[in-house]
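Written below as structure tokens is the structure these notes are about.
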Amino acid sequence: MKTGIVLLLLATAVFAGSQSSQAAGKREPKADLSSCVTSVQAAWGLTFKHDIASFMGVSQERMPALFCQRIAEGLHSGRISYSDINNLQLDQPTEIWMVIKGKAKAATQAPAPRNPKFRTCNGTTGTFQIPVSRKCPLSGYANY
């Protein structure tokens with residue numbers, strides 16, 4: 001599986017490089033996508049293709065084209081970059097797995113709206129609110 005990850009990194013780097021050369025040379029984007037598909041089909045073993053297709057939730061026949069399409073869209077939208085490749089090599093979390101899987105970007109949870117009449121304090125069992133006229137207790141309990 002480690003070899004497959006290295007091949008994934010290589011394919012991503014090659015595809016990212018072809019995207020930057022495409023901007024310089026004004027080539028047809030389909031040609032770059034087809035070269036990515038060809039390299040995925042040629043370089044990856046049957047077991048790794050099966051694993052990636054299973055991870056993506058698609059058939060093995062559709063996997064190479066869909067994989068390259070998702071990588072291209074991820075690079076184009078800015079969801080993945082070279083730092084994601086570095087994060088993969090360092091076993092750190094990265095957005096690339098969500099892009100390959102075809103999942104939308106995770107929504108960030110908005111903080112609760114503030115009420116000007118109350119102050120938020122941190123306690124031993126979590127956060128709680130008290131009237132603004134009182135200070136947050138040092139003990140962590142609202143009643144003491």
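All residue names refer to the structure tokens as shown: chains lettered A, B, ... in order, residues numbered from 1 in each chain, ligands numbered from 1 in order.
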
What are the closest atom pairs, with distances in Å to one decimal, for each residue of stretch 71-135 of chain A lying within 12 Å of stretch 49-58 of chain A, using only C-alpha atoms, rows by chain and rising residue number, as a Markdown table?
```
| residue | atom | partner | partner_atom | distance |
| --- | --- | --- | --- | --- |
| A:Trp97 | CA | A:Met56 | CA | 9.3 |
| A:Met98 | CA | A:Met56 | CA | 9.4 |
| A:Val99 | CA | A:Met56 | CA | 9.6 |
| A:Ile100 | CA | A:Met56 | CA | 6.6 |
| A:Lys101 | CA | A:Met56 | CA | 4.6 |
| A:Gly102 | CA | A:Met56 | CA | 7.2 |
| A:Lys103 | CA | A:Met56 | CA | 9.6 |
```

Tell me, as a ChimeraX atom specification, which residues lie within 10 Å of A:Ile96, counting only C-alpha atoms; anything in the same chain fewer than 2 positions away does not count. /A:12,70-71,74-75,79-81,84-85,87-88,93-94,98-102

Selection file, C-alpha atoms, as a compact mmCIF listing (two decimals), in the first residue's frame:
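Output (again04.txt):
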```txt
# COMPACT_ATOMS: atom_id res chain seq x y z
CA THR A 12 -0.66 14.04 -8.48
CA ARG A 70 -11.37 14.82 -9.18
CA ILE A 71 -7.66 15.59 -8.85
CA GLY A 74 -9.25 19.78 -6.64
CA LEU A 75 -6.16 21.47 -8.04
CA ARG A 79 -8.72 22.37 -2.36
CA ILE A 80 -5.45 20.47 -2.85
CA SER A 81 -1.93 21.71 -3.47
CA ASP A 84 -1.08 18.14 0.54
CA ILE A 85 1.55 15.95 -1.13
CA ASN A 87 1.35 16.13 4.26
CA LEU A 88 0.77 12.68 2.73
CA PRO A 93 -4.12 14.95 7.65
CA THR A 94 -4.88 16.30 4.21
CA MET A 98 -11.94 13.94 0.58
CA VAL A 99 -11.29 15.19 -2.97
CA ILE A 100 -10.54 11.68 -4.26
CA LYS A 101 -13.61 10.32 -2.50
CA GLY A 102 -15.72 13.08 -4.10
```

A:Pro64, A:Ala104, A:Tyr82, A:Gln129 ranked by distance to A:Ser39, top pick (using only C-alpha atoms): A:Pro64

DSSP alpha helix (DSSP H) selection over stretch 70-138 of chain A, as a ChimeraX atom specification: /A:70-77,82-89,96-101

Between atom CA of A:Cys68 and atom CA of A:Val37 - distance in Å to one decimal: 6.3 Å
